[in-house]
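**Student:** Structure file run.cif, mmCIF, C-alpha atoms and all ligand atoms, is pasted below:
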data_work
#
loop_
_atom_site.label_atom_id
_atom_site.label_comp_id
_atom_site.auth_asym_id
_atom_site.auth_seq_id
_atom_site.Cartn_x
_atom_site.Cartn_y
_atom_site.Cartn_z
CA MET A 200 -49.07 -32.07 68.82
CA LYS A 201 -49.39 -31.82 65.06
CA ILE A 202 -46.05 -31.29 63.32
CA LEU A 203 -45.65 -30.32 59.66
CA LEU A 204 -42.60 -31.94 58.06
CA THR A 205 -41.54 -30.25 54.84
CA GLY A 206 -39.43 -32.74 52.89
CA GLY A 207 -40.75 -35.45 55.19
CA ALA A 208 -40.49 -38.16 52.52
CA GLY A 209 -36.72 -37.72 52.37
CA TYR A 210 -33.97 -39.56 54.21
CA ILE A 211 -33.91 -37.60 57.47
CA GLY A 212 -37.57 -36.53 57.38
CA SER A 213 -38.88 -40.08 57.04
CA HIS A 214 -36.88 -41.37 60.01
CA THR A 215 -37.98 -38.35 62.04
CA ALA A 216 -41.63 -38.93 61.13
CA ILE A 217 -41.39 -42.41 62.68
CA GLU A 218 -39.79 -41.17 65.90
CA LEU A 219 -42.34 -38.36 66.24
CA ILE A 220 -45.30 -40.70 65.72
CA GLN A 221 -43.84 -43.26 68.11
CA SER A 222 -43.53 -40.45 70.69
CA GLY A 223 -47.24 -39.67 70.39
CA HIS A 224 -47.23 -36.79 67.87
CA ASN A 225 -49.25 -36.45 64.69
CA VAL A 226 -47.38 -35.54 61.53
CA VAL A 227 -48.37 -33.96 58.23
CA ILE A 228 -45.90 -34.40 55.39
CA MET A 229 -45.45 -31.98 52.51
CA ASP A 230 -42.98 -33.08 49.87
CA ASP A 231 -42.79 -32.55 46.11
CA LEU A 232 -41.04 -35.94 45.75
CA SER A 233 -38.23 -34.30 43.76
CA ASN A 234 -35.76 -36.54 45.64
CA SER A 235 -38.00 -39.22 47.14
CA SER A 236 -41.06 -41.33 46.39
CA ALA A 237 -44.58 -41.87 47.68
CA GLU A 238 -43.54 -45.43 48.59
CA VAL A 239 -41.64 -43.94 51.55
CA ILE A 240 -44.91 -42.60 52.97
CA ARG A 241 -46.44 -46.09 52.72
CA ARG A 242 -43.41 -47.57 54.51
CA ILE A 243 -43.67 -45.03 57.35
CA GLU A 244 -47.36 -45.93 57.63
CA ASP A 245 -46.44 -49.63 57.73
CA ILE A 246 -43.89 -49.16 60.48
CA THR A 247 -46.07 -46.88 62.62
CA LYS A 248 -49.48 -48.45 61.81
CA THR A 249 -50.92 -44.98 61.17
CA THR A 250 -52.27 -43.05 58.21
CA ILE A 251 -50.26 -39.96 57.39
CA PRO A 252 -51.77 -36.85 55.81
CA PHE A 253 -49.51 -36.35 52.80
CA VAL A 254 -49.50 -33.34 50.46
CA LYS A 255 -47.48 -33.69 47.28
CA ALA A 256 -46.45 -30.11 46.62
CA ASP A 257 -43.51 -27.76 46.39
CA VAL A 258 -43.05 -25.65 49.52
CA ARG A 259 -42.52 -22.65 47.22
CA ASP A 260 -46.12 -23.10 46.04
CA LYS A 261 -47.83 -20.49 48.25
CA ALA A 262 -51.35 -21.68 47.49
CA ALA A 263 -50.55 -25.28 48.39
CA LEU A 264 -48.85 -24.29 51.62
CA GLU A 265 -51.68 -21.92 52.47
CA GLU A 266 -54.13 -24.80 52.10
CA VAL A 267 -52.14 -26.98 54.50
CA PHE A 268 -52.11 -24.31 57.21
CA ALA A 269 -55.79 -23.46 56.62
CA ASN A 270 -56.93 -27.09 56.88
CA GLN A 271 -54.61 -28.49 59.53
CA GLN A 272 -54.07 -27.23 63.05
CA ILE A 273 -50.27 -27.16 62.82
CA ASP A 274 -48.40 -26.62 66.11
CA ALA A 275 -44.83 -26.65 64.83
CA VAL A 276 -42.85 -27.15 61.63
CA ILE A 277 -39.66 -29.06 60.88
CA HIS A 278 -38.18 -27.72 57.65
CA PHE A 279 -36.22 -30.48 55.91
CA ALA A 280 -37.17 -29.62 52.31
CA GLY A 281 -34.33 -28.52 50.08
CA PHE A 282 -31.68 -29.70 47.66
CA LYS A 283 -28.58 -31.12 49.33
CA ALA A 284 -25.99 -32.36 46.81
CA VAL A 285 -22.78 -30.36 47.22
CA GLY A 286 -21.38 -31.11 43.73
CA GLU A 287 -24.69 -30.46 41.99
CA SER A 288 -24.99 -27.13 43.79
CA VAL A 289 -21.74 -25.97 42.16
CA ALA A 290 -23.15 -26.86 38.72
CA LYS A 291 -26.67 -25.50 39.37
CA PRO A 292 -26.27 -22.65 41.88
CA LEU A 293 -29.40 -20.76 40.83
CA GLU A 294 -31.62 -23.82 41.32
CA TYR A 295 -30.12 -24.35 44.78
CA TYR A 296 -30.53 -20.73 45.87
CA ASP A 297 -34.06 -20.68 44.47
CA ASN A 298 -35.27 -23.92 46.04
CA ASN A 299 -33.57 -23.64 49.42
CA LEU A 300 -34.02 -19.92 50.02
CA VAL A 301 -37.45 -19.36 48.48
CA SER A 302 -38.98 -22.42 50.18
CA SER A 303 -37.75 -21.08 53.54
CA LEU A 304 -39.11 -17.58 52.86
CA VAL A 305 -42.53 -18.78 51.69
CA LEU A 306 -42.73 -21.13 54.67
CA LEU A 307 -41.86 -18.40 57.20
CA GLU A 308 -44.36 -15.95 55.64
CA THR A 309 -47.15 -18.51 55.69
CA MET A 310 -46.35 -19.60 59.24
CA GLN A 311 -46.50 -15.99 60.41
CA LYS A 312 -49.83 -15.45 58.68
CA HIS A 313 -51.29 -18.47 60.48
CA HIS A 314 -49.64 -17.69 63.82
CA VAL A 315 -47.57 -20.86 63.79
CA ASN A 316 -44.44 -19.77 65.59
CA LYS A 317 -42.26 -22.80 66.17
CA ILE A 318 -39.76 -24.01 63.61
CA VAL A 319 -36.93 -26.54 63.63
CA PHE A 320 -34.49 -26.10 60.75
CA SER A 321 -32.18 -28.69 59.15
CA SER A 322 -28.82 -26.99 58.98
CA SER A 323 -25.41 -28.53 58.48
CA ALA A 324 -21.90 -28.61 59.88
CA THR A 325 -20.97 -27.17 56.50
CA VAL A 326 -21.76 -23.67 57.89
CA TYR A 327 -18.53 -23.90 59.93
CA GLY A 328 -16.42 -24.08 56.75
CA ASN A 329 -12.85 -25.23 57.41
CA PRO A 330 -12.58 -25.48 61.22
CA GLU A 331 -10.01 -23.34 63.02
CA SER A 332 -10.12 -25.64 66.04
CA LEU A 333 -11.80 -28.88 67.04
CA PRO A 334 -14.22 -30.00 68.26
CA LEU A 335 -16.73 -27.58 66.78
CA THR A 336 -19.00 -25.89 69.28
CA GLU A 337 -22.04 -23.84 68.34
CA GLU A 338 -19.90 -20.74 69.02
CA SER A 339 -17.27 -21.72 66.45
CA PRO A 340 -17.20 -19.18 63.60
CA THR A 341 -19.62 -19.76 60.74
CA GLY A 342 -19.84 -18.47 57.18
CA GLN A 343 -16.11 -18.41 56.45
CA GLY A 344 -14.61 -20.75 53.87
CA ILE A 345 -17.86 -22.36 52.73
CA THR A 346 -16.84 -23.93 49.44
CA ASN A 347 -20.16 -24.44 47.64
CA PRO A 348 -23.60 -22.87 47.01
CA TYR A 349 -25.39 -25.60 49.01
CA GLY A 350 -23.43 -24.63 52.12
CA GLN A 351 -24.08 -20.95 51.43
CA THR A 352 -27.84 -21.59 51.38
CA LYS A 353 -27.67 -23.17 54.84
CA PHE A 354 -25.69 -20.22 56.18
CA MET A 355 -28.09 -17.73 54.56
CA ILE A 356 -31.21 -19.49 55.89
CA GLU A 357 -29.72 -19.40 59.39
CA GLN A 358 -29.32 -15.62 58.93
CA ILE A 359 -32.88 -15.28 57.67
CA LEU A 360 -34.16 -17.17 60.70
CA GLN A 361 -32.16 -14.95 63.04
CA ASP A 362 -33.55 -11.78 61.48
CA ALA A 363 -37.09 -13.17 61.46
CA ALA A 364 -36.80 -14.07 65.15
CA VAL A 365 -35.69 -10.52 65.98
CA ALA A 366 -38.59 -9.01 64.04
CA ASN A 367 -41.24 -11.39 65.34
CA PRO A 368 -41.00 -11.91 69.12
CA GLU A 369 -43.44 -14.80 68.88
CA LEU A 370 -41.15 -16.82 66.63
CA GLU A 371 -39.14 -19.63 68.25
CA VAL A 372 -36.40 -21.26 66.23
CA SER A 373 -34.29 -24.35 66.77
CA ILE A 374 -31.41 -24.72 64.34
CA LEU A 375 -29.97 -28.23 64.17
CA ARG A 376 -26.53 -28.54 62.61
CA TYR A 377 -26.16 -32.12 61.44
CA PHE A 378 -22.73 -33.65 61.07
CA ASN A 379 -22.64 -36.78 58.81
CA PRO A 380 -25.94 -38.69 59.06
CA ILE A 381 -25.59 -42.35 58.05
CA GLY A 382 -27.38 -45.69 58.40
CA ALA A 383 -30.97 -46.79 57.98
CA HIS A 384 -34.01 -47.76 59.99
CA PRO A 385 -33.46 -51.11 61.77
CA THR A 386 -36.53 -52.52 59.95
CA ALA A 387 -34.61 -51.92 56.69
CA LEU A 388 -37.86 -50.51 55.26
CA ILE A 389 -36.51 -46.98 54.87
CA GLY A 390 -33.04 -45.56 54.35
CA GLU A 391 -30.99 -43.32 52.13
CA VAL A 392 -31.76 -43.56 48.41
CA PRO A 393 -28.94 -42.05 46.38
CA ASN A 394 -29.82 -40.39 43.12
CA GLY A 395 -27.51 -42.01 40.53
CA ALA A 396 -23.91 -42.77 41.50
CA PRO A 397 -23.61 -41.90 45.20
CA ALA A 398 -21.50 -38.89 46.11
CA ASN A 399 -21.43 -39.77 49.82
CA LEU A 400 -19.23 -42.36 51.46
CA ILE A 401 -21.69 -44.84 52.98
CA PRO A 402 -23.99 -45.45 49.99
CA TYR A 403 -20.91 -45.81 47.77
CA LEU A 404 -19.36 -48.21 50.25
CA THR A 405 -22.47 -50.41 50.57
CA GLN A 406 -22.99 -50.42 46.78
CA THR A 407 -19.38 -51.57 46.43
CA ALA A 408 -19.84 -54.23 49.09
CA ILE A 409 -22.83 -55.66 47.22
CA GLY A 410 -21.06 -55.53 43.86
CA ILE A 411 -22.86 -52.67 42.08
CA ARG A 412 -19.60 -50.69 42.10
CA GLU A 413 -16.22 -52.26 41.48
CA GLN A 414 -14.30 -50.44 44.17
CA LEU A 415 -14.56 -47.58 46.58
CA ALA A 416 -12.27 -44.64 45.89
CA VAL A 417 -10.77 -43.33 49.12
CA PHE A 418 -10.18 -39.64 48.54
CA GLY A 419 -6.70 -39.18 49.95
CA ASP A 420 -4.41 -40.76 52.58
CA ASP A 421 -2.01 -37.85 52.85
CA TYR A 422 -3.96 -35.70 55.31
CA ASN A 423 -2.56 -34.73 58.67
CA THR A 424 -4.57 -37.42 60.51
CA PRO A 425 -3.38 -40.62 62.24
CA ASP A 426 -3.95 -42.84 59.17
CA GLY A 427 -3.86 -40.04 56.58
CA SER A 428 -7.54 -40.31 55.57
CA PRO A 429 -10.07 -37.57 56.42
CA ILE A 430 -12.05 -37.61 59.64
CA ARG A 431 -15.80 -37.02 60.10
CA ASP A 432 -18.41 -37.33 62.83
CA TYR A 433 -20.82 -40.02 61.58
CA ILE A 434 -24.17 -39.86 63.31
CA ASP A 435 -26.75 -42.66 63.24
CA ILE A 436 -29.91 -41.63 61.40
CA VAL A 437 -32.30 -42.85 64.11
CA ASP A 438 -30.27 -41.07 66.80
CA LEU A 439 -30.46 -37.94 64.64
CA ALA A 440 -34.21 -38.37 64.20
CA ARG A 441 -34.67 -38.66 67.99
CA ALA A 442 -32.99 -35.28 68.46
CA HIS A 443 -35.80 -33.68 66.43
CA VAL A 444 -38.36 -35.06 68.87
CA GLU A 445 -36.47 -33.37 71.72
CA ALA A 446 -36.10 -30.10 69.79
CA VAL A 447 -39.86 -30.03 69.13
CA ARG A 448 -40.60 -30.90 72.74
CA ARG A 449 -38.46 -28.01 73.94
CA LEU A 450 -40.28 -25.55 71.67
CA VAL A 451 -43.74 -26.86 72.46
CA GLU A 452 -43.09 -26.86 76.23
CA ARG A 453 -41.74 -23.31 75.88
CA GLN A 454 -38.46 -24.24 77.53
CA ALA A 455 -36.26 -22.38 75.09
CA THR A 456 -34.35 -19.59 76.81
CA GLU A 457 -33.57 -17.71 73.58
CA PRO A 458 -35.79 -16.99 70.56
CA LEU A 459 -33.25 -18.89 68.46
CA GLU A 460 -31.21 -21.83 69.72
CA VAL A 461 -28.55 -23.77 67.83
CA PHE A 462 -27.55 -27.37 68.45
CA ASN A 463 -24.74 -29.48 67.01
CA LEU A 464 -25.93 -33.00 66.31
CA GLY A 465 -23.00 -35.37 66.26
CA THR A 466 -21.40 -38.09 68.35
CA GLY A 467 -18.36 -36.07 69.43
CA ARG A 468 -16.10 -38.74 67.96
CA GLY A 469 -14.12 -38.39 64.76
CA VAL A 470 -13.72 -41.47 62.55
CA SER A 471 -11.43 -41.71 59.54
CA VAL A 472 -12.48 -43.13 56.18
CA LEU A 473 -10.12 -46.10 56.55
CA GLU A 474 -11.32 -46.75 60.11
CA LEU A 475 -14.90 -46.69 58.86
CA ILE A 476 -14.17 -49.23 56.11
CA ARG A 477 -12.51 -51.52 58.69
CA THR A 478 -15.44 -51.18 61.09
CA PHE A 479 -17.88 -52.02 58.28
CA GLU A 480 -15.89 -55.11 57.33
CA GLU A 481 -15.72 -56.31 60.93
CA ALA A 482 -19.41 -55.60 61.63
CA THR A 483 -20.76 -57.32 58.50
CA GLY A 484 -18.05 -59.82 57.56
CA VAL A 485 -18.15 -58.38 54.04
CA ARG A 486 -15.02 -57.14 52.30
CA VAL A 487 -14.96 -53.71 50.65
CA PRO A 488 -12.50 -53.43 47.76
CA TYR A 489 -11.00 -49.94 47.82
CA GLN A 490 -8.26 -47.90 46.28
CA ILE A 491 -6.60 -44.77 47.57
CA VAL A 492 -6.94 -42.01 45.00
CA GLY A 493 -6.23 -38.27 45.09
CA ARG A 494 -8.01 -35.83 47.37
CA ARG A 495 -11.50 -34.64 46.41
CA GLU A 496 -11.61 -30.92 45.74
CA GLY A 497 -13.23 -28.92 48.53
CA ASP A 498 -12.90 -31.70 51.13
CA ILE A 499 -12.08 -30.72 54.67
CA GLU A 500 -9.35 -32.63 56.52
CA GLN A 501 -11.12 -33.30 59.78
CA VAL A 502 -14.32 -32.27 61.49
CA TRP A 503 -16.22 -33.44 64.49
CA ALA A 504 -18.78 -31.99 66.86
CA ASP A 505 -18.87 -30.98 70.44
CA PRO A 506 -22.44 -32.16 71.11
CA ALA A 507 -22.39 -31.12 74.80
CA ARG A 508 -25.13 -28.52 74.41
CA ALA A 509 -27.55 -30.96 72.78
CA ASN A 510 -26.61 -33.54 75.44
CA ARG A 511 -27.29 -31.13 78.28
CA VAL A 512 -30.12 -28.94 76.99
CA LEU A 513 -32.07 -31.40 74.86
CA GLY A 514 -31.27 -34.38 77.06
CA TRP A 515 -30.19 -36.18 73.89
CA THR A 516 -27.15 -38.28 73.09
CA ALA A 517 -26.08 -40.33 70.11
CA ARG A 518 -26.09 -43.83 71.52
CA THR A 519 -25.97 -46.28 68.61
CA PRO A 520 -22.57 -47.95 68.19
CA LEU A 521 -21.01 -47.33 64.77
CA SER A 522 -20.91 -51.08 64.06
CA GLU A 523 -24.71 -51.31 64.53
CA THR A 524 -25.30 -48.27 62.31
CA LEU A 525 -23.17 -49.85 59.59
CA ARG A 526 -24.99 -53.19 59.92
CA ASN A 527 -28.28 -51.30 59.41
CA ALA A 528 -26.86 -49.54 56.35
CA TRP A 529 -25.83 -52.95 55.00
CA LYS A 530 -29.25 -54.52 55.71
CA TRP A 531 -30.87 -51.62 53.83
CA GLN A 532 -28.50 -52.08 50.87
CA GLN A 533 -29.25 -55.81 50.77
CA ARG A 534 -33.00 -55.11 50.83
CA GLN A 535 -32.59 -52.83 47.82
CA GLY A 536 -30.33 -55.24 45.94
P1 LIG B 1 -33.47 -35.70 51.05
O1 LIG B 1 -33.19 -35.17 49.68
O2 LIG B 1 -33.54 -37.16 51.25
O3 LIG B 1 -34.83 -35.06 51.62
C1 LIG B 1 -35.27 -33.78 51.24
C2 LIG B 1 -36.73 -33.93 50.80
O4 LIG B 1 -37.23 -32.64 50.44
C3 LIG B 1 -36.90 -34.84 49.58
O5 LIG B 1 -37.90 -35.79 49.85
C4 LIG B 1 -37.33 -33.89 48.45
O6 LIG B 1 -38.23 -34.52 47.57
C5 LIG B 1 -37.98 -32.77 49.23
N1 LIG B 1 -37.94 -31.44 48.62
C6 LIG B 1 -36.87 -30.78 48.08
N2 LIG B 1 -37.25 -29.54 47.70
C7 LIG B 1 -38.57 -29.41 48.00
C8 LIG B 1 -39.52 -28.38 47.87
N3 LIG B 1 -39.20 -27.20 47.34
N4 LIG B 1 -40.80 -28.61 48.29
C9 LIG B 1 -41.14 -29.80 48.83
N5 LIG B 1 -40.28 -30.81 49.00
C10 LIG B 1 -39.01 -30.62 48.58
O7 LIG B 1 -32.38 -35.04 52.03
P2 LIG B 1 -32.08 -35.39 53.56
O8 LIG B 1 -30.75 -36.03 53.61
O9 LIG B 1 -33.24 -36.03 54.18
O10 LIG B 1 -31.89 -33.91 54.11
C11 LIG B 1 -32.93 -33.22 54.76
C12 LIG B 1 -32.44 -31.84 55.12
O11 LIG B 1 -31.29 -31.97 55.96
C13 LIG B 1 -32.01 -30.99 53.93
O12 LIG B 1 -32.36 -29.66 54.17
C14 LIG B 1 -30.51 -31.15 53.93
O13 LIG B 1 -29.86 -30.05 53.34
C15 LIG B 1 -30.22 -31.23 55.42
N6 LIG B 1 -28.94 -31.88 55.73
C16 LIG B 1 -28.71 -33.15 55.26
C17 LIG B 1 -27.49 -33.77 55.52
C18 LIG B 1 -27.18 -35.16 55.00
O14 LIG B 1 -26.02 -35.52 54.98
N7 LIG B 1 -28.17 -35.95 54.59
C19 LIG B 1 -26.50 -33.09 56.26
C20 LIG B 1 -26.78 -31.83 56.74
C21 LIG B 1 -28.02 -31.23 56.47
N1 LIG B 2 -15.24 -40.21 50.65
C1 LIG B 2 -14.43 -41.11 50.00
N2 LIG B 2 -14.93 -41.75 48.91
C2 LIG B 2 -16.20 -41.54 48.44
C3 LIG B 2 -17.02 -40.62 49.12
C4 LIG B 2 -16.49 -39.95 50.21
O1 LIG B 2 -13.28 -41.33 50.39
O2 LIG B 2 -16.59 -42.15 47.43
C5 LIG B 2 -14.72 -39.52 51.86
C6 LIG B 2 -14.65 -38.02 51.74
O3 LIG B 2 -13.40 -37.61 51.25
C7 LIG B 2 -14.89 -37.59 53.18
C8 LIG B 2 -15.74 -38.71 53.79
O4 LIG B 2 -15.62 -39.80 52.91
O5 LIG B 2 -13.68 -37.57 53.87
C9 LIG B 2 -17.21 -38.32 53.89
O6 LIG B 2 -17.66 -37.84 52.63
P1 LIG B 2 -19.19 -37.58 52.32
O7 LIG B 2 -19.28 -37.11 50.91
O8 LIG B 2 -20.01 -38.75 52.72
O9 LIG B 2 -19.55 -36.40 53.35
P2 LIG B 2 -18.90 -34.96 53.49
O10 LIG B 2 -18.36 -34.87 54.88
O11 LIG B 2 -18.01 -34.62 52.39
O12 LIG B 2 -20.20 -34.04 53.28
C10 LIG B 2 -21.25 -34.08 54.21
C11 LIG B 2 -22.60 -33.85 53.54
C12 LIG B 2 -22.68 -32.46 53.00
C13 LIG B 2 -22.29 -31.45 54.02
C14 LIG B 2 -20.95 -31.79 54.61
C15 LIG B 2 -20.53 -30.86 55.72
O13 LIG B 2 -22.77 -34.76 52.48
O14 LIG B 2 -24.00 -32.22 52.63
O15 LIG B 2 -21.01 -33.10 55.15
O16 LIG B 2 -21.50 -30.89 56.72
F1 LIG B 2 -22.22 -30.23 53.45
#
Render the structure in this file as structure tokens.
Ligand code: NAD
Ligand code: UFG
**Tutor:**
Amino acid sequence: MKILLTGGAGYIGSHTAIELIQSGHNVVIMDDLSNSSAEVIRRIEDITKTTIPFVKADVRDKAALEEVFANQQIDAVIHFAGFKAVGESVAKPLEYYDNNLVSSLVLLETMQKHHVNKIVFSSSATVYGNPESLPLTEESPTGQGITNPYGQTKFMIEQILQDAAVANPELEVSILRYFNPIGAHPTALIGEVPNGAPANLIPYLTQTAIGIREQLAVFGDDYNTPDGSPIRDYIDIVDLARAHVEAVRRLVERQATEPLEVFNLGTGRGVSVLELIRTFEEATGVRVPYQIVGRREGDIEQVWADPARANRVLGWTARTPLSETLRNAWKWQQRQG
């Protein structure tokens, strides 16, 4: 099968490209490189020993997208492209709504025109807002208490996909709600590349461990959790990438029982910030200087997934131990210096 990956040069897209190719698929990548580089494409080619058709263009560019669908026999699309920084989205809401919503609309219109009817969408646990109860299942309420424009775009795109699937009976949608993707490819050739000072925990932690940052700020130890620090469901990036292969397989083999299916992608296990620092130190033997500071505005106390549906329906489970994921993140940091 030939799969178009929008945003395929990014963190999750690049790891997914490798898993798809290693499962026998062909991929075409479209990315405007607004948050990635062409070097990533070369690294994917190195790892997979293939040549990847790469189009450097903005998904909102109708003519460029049109050309891709006209020239390539695309069977399915995975839509990763979009802006993803929560804090930046508060400062630049219009850019976030424009990029994330318009790219999705232009993509869906062009797919329909070319009778490409299978799409996997990168959504986020952020659509659940502040959980009423844990673990989160796909039936947990969404759209309430989303604290930032980035999260709103994910919720809105899910709505758009639902409406599009009602209107077009041919359309088949798989919405993947990622929890906290972390780690890097075991080759240490690709991984997460933060833009400036990292906003997310793992890149900040590994940059502190290597000495780029003086100390990690732990945002609060006064939450109602066993050690007081917030809890998340950290999912290994290669495990996450493998789930996309299964989601595509289900669409291509026409196994989906609904026009739109939703899957939580997480481990099902909540880990606190302090527990994560300890696990990193034990796994790598490297100390991470940290200081407890005040809570970060907008942070949720605790969140983790019930991944049972993905386990059962996709035949997928997160299997990489956290210590191995953290060792891979560390190897990637060391490779970058
Ligand atoms: P990323 O920034 O590394 O990758 C996104 C890629 O899309 C980048 O390569 C960027 O250059 C490209 N891009 C952005 N706008 C584009 C456009 N209009 N046209 C073409 N290319 C464009 O981010 P990621 O972590 O790989 O995330 C991928 C997707 O998963 C995003 O939609 C993100 O919102 C979602 N997601 C990520 C996380 C996470 O923690 N990383 C969690 C939940 C959901
Ligand atoms: N944290 C720190 N210090 C840091 C960075 C983070 O203590 O320097 C803590 C946070 O308080 C939080 C945990 O580490 O408890 C994880 O924080 P991240 O910023 O790595 O991740 P979040 O859970 O806040 O956000 C992630 C994605 C968002 C997405 C959200 C909900 O980055 O895109 O999950 O799905 F919206």
**Student:** Quote the spacing between CA of Tyr295 (chain A) and CA of Gly497 (chain A) in Å to one decimal place.
**Tutor:**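 It comes out at 17.9 Å.
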**Student:** 9 Å from ligand LIG 2 (chain B) is the threshold here; counting all atoms listed in the file, which polymer residues fall inside it? Answer as number ranges by chain.
**Tutor:** A: 283-285, 322-328, 347, 349-350, 376-381, 397-404, 415-419, 428-433, 471-473, 491-492, 494-502
**Student:** Could you report the residues within 7 Å of ligand LIG 1 (chain B), using all atoms listed in the file, as a PDB file with C-alpha atoms, keeping the file's coordinate frame?
**Tutor:**
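out-v4.pdb was written with the following content:
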ATOM      1  CA  THR A 205     -41.540 -30.250  54.840  1.00  0.00           C
ATOM      2  CA  GLY A 206     -39.430 -32.740  52.890  1.00  0.00           C
ATOM      3  CA  GLY A 207     -40.750 -35.450  55.190  1.00  0.00           C
ATOM      4  CA  ALA A 208     -40.490 -38.160  52.520  1.00  0.00           C
ATOM      5  CA  GLY A 209     -36.720 -37.720  52.370  1.00  0.00           C
ATOM      6  CA  TYR A 210     -33.970 -39.560  54.210  1.00  0.00           C
ATOM      7  CA  ILE A 211     -33.910 -37.600  57.470  1.00  0.00           C
ATOM      8  CA  GLY A 212     -37.570 -36.530  57.380  1.00  0.00           C
ATOM      9  CA  MET A 229     -45.450 -31.980  52.510  1.00  0.00           C
ATOM     10  CA  ASP A 230     -42.980 -33.080  49.870  1.00  0.00           C
ATOM     11  CA  ASP A 231     -42.790 -32.550  46.110  1.00  0.00           C
ATOM     12  CA  LEU A 232     -41.040 -35.940  45.750  1.00  0.00           C
ATOM     13  CA  SER A 233     -38.230 -34.300  43.760  1.00  0.00           C
ATOM     14  CA  ASN A 234     -35.760 -36.540  45.640  1.00  0.00           C
ATOM     15  CA  SER A 235     -38.000 -39.220  47.140  1.00  0.00           C
ATOM     16  CA  ALA A 256     -46.450 -30.110  46.620  1.00  0.00           C
ATOM     17  CA  ASP A 257     -43.510 -27.760  46.390  1.00  0.00           C
ATOM     18  CA  VAL A 258     -43.050 -25.650  49.520  1.00  0.00           C
ATOM     19  CA  ARG A 259     -42.520 -22.650  47.220  1.00  0.00           C
ATOM     20  CA  PHE A 279     -36.220 -30.480  55.910  1.00  0.00           C
ATOM     21  CA  ALA A 280     -37.170 -29.620  52.310  1.00  0.00           C
ATOM     22  CA  GLY A 281     -34.330 -28.520  50.080  1.00  0.00           C
ATOM     23  CA  PHE A 282     -31.680 -29.700  47.660  1.00  0.00           C
ATOM     24  CA  LYS A 283     -28.580 -31.120  49.330  1.00  0.00           C
ATOM     25  CA  ASN A 298     -35.270 -23.920  46.040  1.00  0.00           C
ATOM     26  CA  ASN A 299     -33.570 -23.640  49.420  1.00  0.00           C
ATOM     27  CA  SER A 302     -38.980 -22.420  50.180  1.00  0.00           C
ATOM     28  CA  SER A 321     -32.180 -28.690  59.150  1.00  0.00           C
ATOM     29  CA  SER A 322     -28.820 -26.990  58.980  1.00  0.00           C
ATOM     30  CA  SER A 323     -25.410 -28.530  58.480  1.00  0.00           C
ATOM     31  CA  ALA A 324     -21.900 -28.610  59.880  1.00  0.00           C
ATOM     32  CA  ARG A 376     -26.530 -28.540  62.610  1.00  0.00           C
ATOM     33  CA  TYR A 377     -26.160 -32.120  61.440  1.00  0.00           C
ATOM     34  CA  PHE A 378     -22.730 -33.650  61.070  1.00  0.00           C
ATOM     35  CA  ASN A 379     -22.640 -36.780  58.810  1.00  0.00           C
ATOM     36  CA  PRO A 380     -25.940 -38.690  59.060  1.00  0.00           C
ATOM     37  CA  GLU A 391     -30.990 -43.320  52.130  1.00  0.00           C
TER      38      GLU A 391
END
**Student:** Extract, using all atoms listed in the file, all DNA, RNA and protein residues at most 10 Å from region 457-463 of chain A, discarding same-chain residues fewer than 2 positions from it, and format them as a VMD selection string.
**Tutor:** chain A and resid 317 to 320 322 to 324 335 to 338 357 360 to 365 367 to 378 442 446 450 454 to 455 465 to 467 503 to 510 512 to 513
**Student:** Just C-alpha atoms for this one: save the residues we selected as a compact mmCIF listing (two decimals), in the coordinates of the input.
**Tutor:**
# COMPACT_ATOMS: atom_id res chain seq x y z
CA LYS A 317 -42.26 -22.80 66.17
CA ILE A 318 -39.76 -24.01 63.61
CA VAL A 319 -36.93 -26.54 63.63
CA PHE A 320 -34.49 -26.10 60.75
CA SER A 322 -28.82 -26.99 58.98
CA SER A 323 -25.41 -28.53 58.48
CA ALA A 324 -21.90 -28.61 59.88
CA LEU A 335 -16.73 -27.58 66.78
CA THR A 336 -19.00 -25.89 69.28
CA GLU A 337 -22.04 -23.84 68.34
CA GLU A 338 -19.90 -20.74 69.02
CA GLU A 357 -29.72 -19.40 59.39
CA LEU A 360 -34.16 -17.17 60.70
CA GLN A 361 -32.16 -14.95 63.04
CA ASP A 362 -33.55 -11.78 61.48
CA ALA A 363 -37.09 -13.17 61.46
CA ALA A 364 -36.80 -14.07 65.15
CA VAL A 365 -35.69 -10.52 65.98
CA ASN A 367 -41.24 -11.39 65.34
CA PRO A 368 -41.00 -11.91 69.12
CA GLU A 369 -43.44 -14.80 68.88
CA LEU A 370 -41.15 -16.82 66.63
CA GLU A 371 -39.14 -19.63 68.25
CA VAL A 372 -36.40 -21.26 66.23
CA SER A 373 -34.29 -24.35 66.77
CA ILE A 374 -31.41 -24.72 64.34
CA LEU A 375 -29.97 -28.23 64.17
CA ARG A 376 -26.53 -28.54 62.61
CA TYR A 377 -26.16 -32.12 61.44
CA PHE A 378 -22.73 -33.65 61.07
CA ALA A 442 -32.99 -35.28 68.46
CA ALA A 446 -36.10 -30.10 69.79
CA LEU A 450 -40.28 -25.55 71.67
CA GLN A 454 -38.46 -24.24 77.53
CA ALA A 455 -36.26 -22.38 75.09
CA GLY A 465 -23.00 -35.37 66.26
CA THR A 466 -21.40 -38.09 68.35
CA GLY A 467 -18.36 -36.07 69.43
CA TRP A 503 -16.22 -33.44 64.49
CA ALA A 504 -18.78 -31.99 66.86
CA ASP A 505 -18.87 -30.98 70.44
CA PRO A 506 -22.44 -32.16 71.11
CA ALA A 507 -22.39 -31.12 74.80
CA ARG A 508 -25.13 -28.52 74.41
CA ALA A 509 -27.55 -30.96 72.78
CA ASN A 510 -26.61 -33.54 75.44
CA VAL A 512 -30.12 -28.94 76.99
CA LEU A 513 -32.07 -31.40 74.86
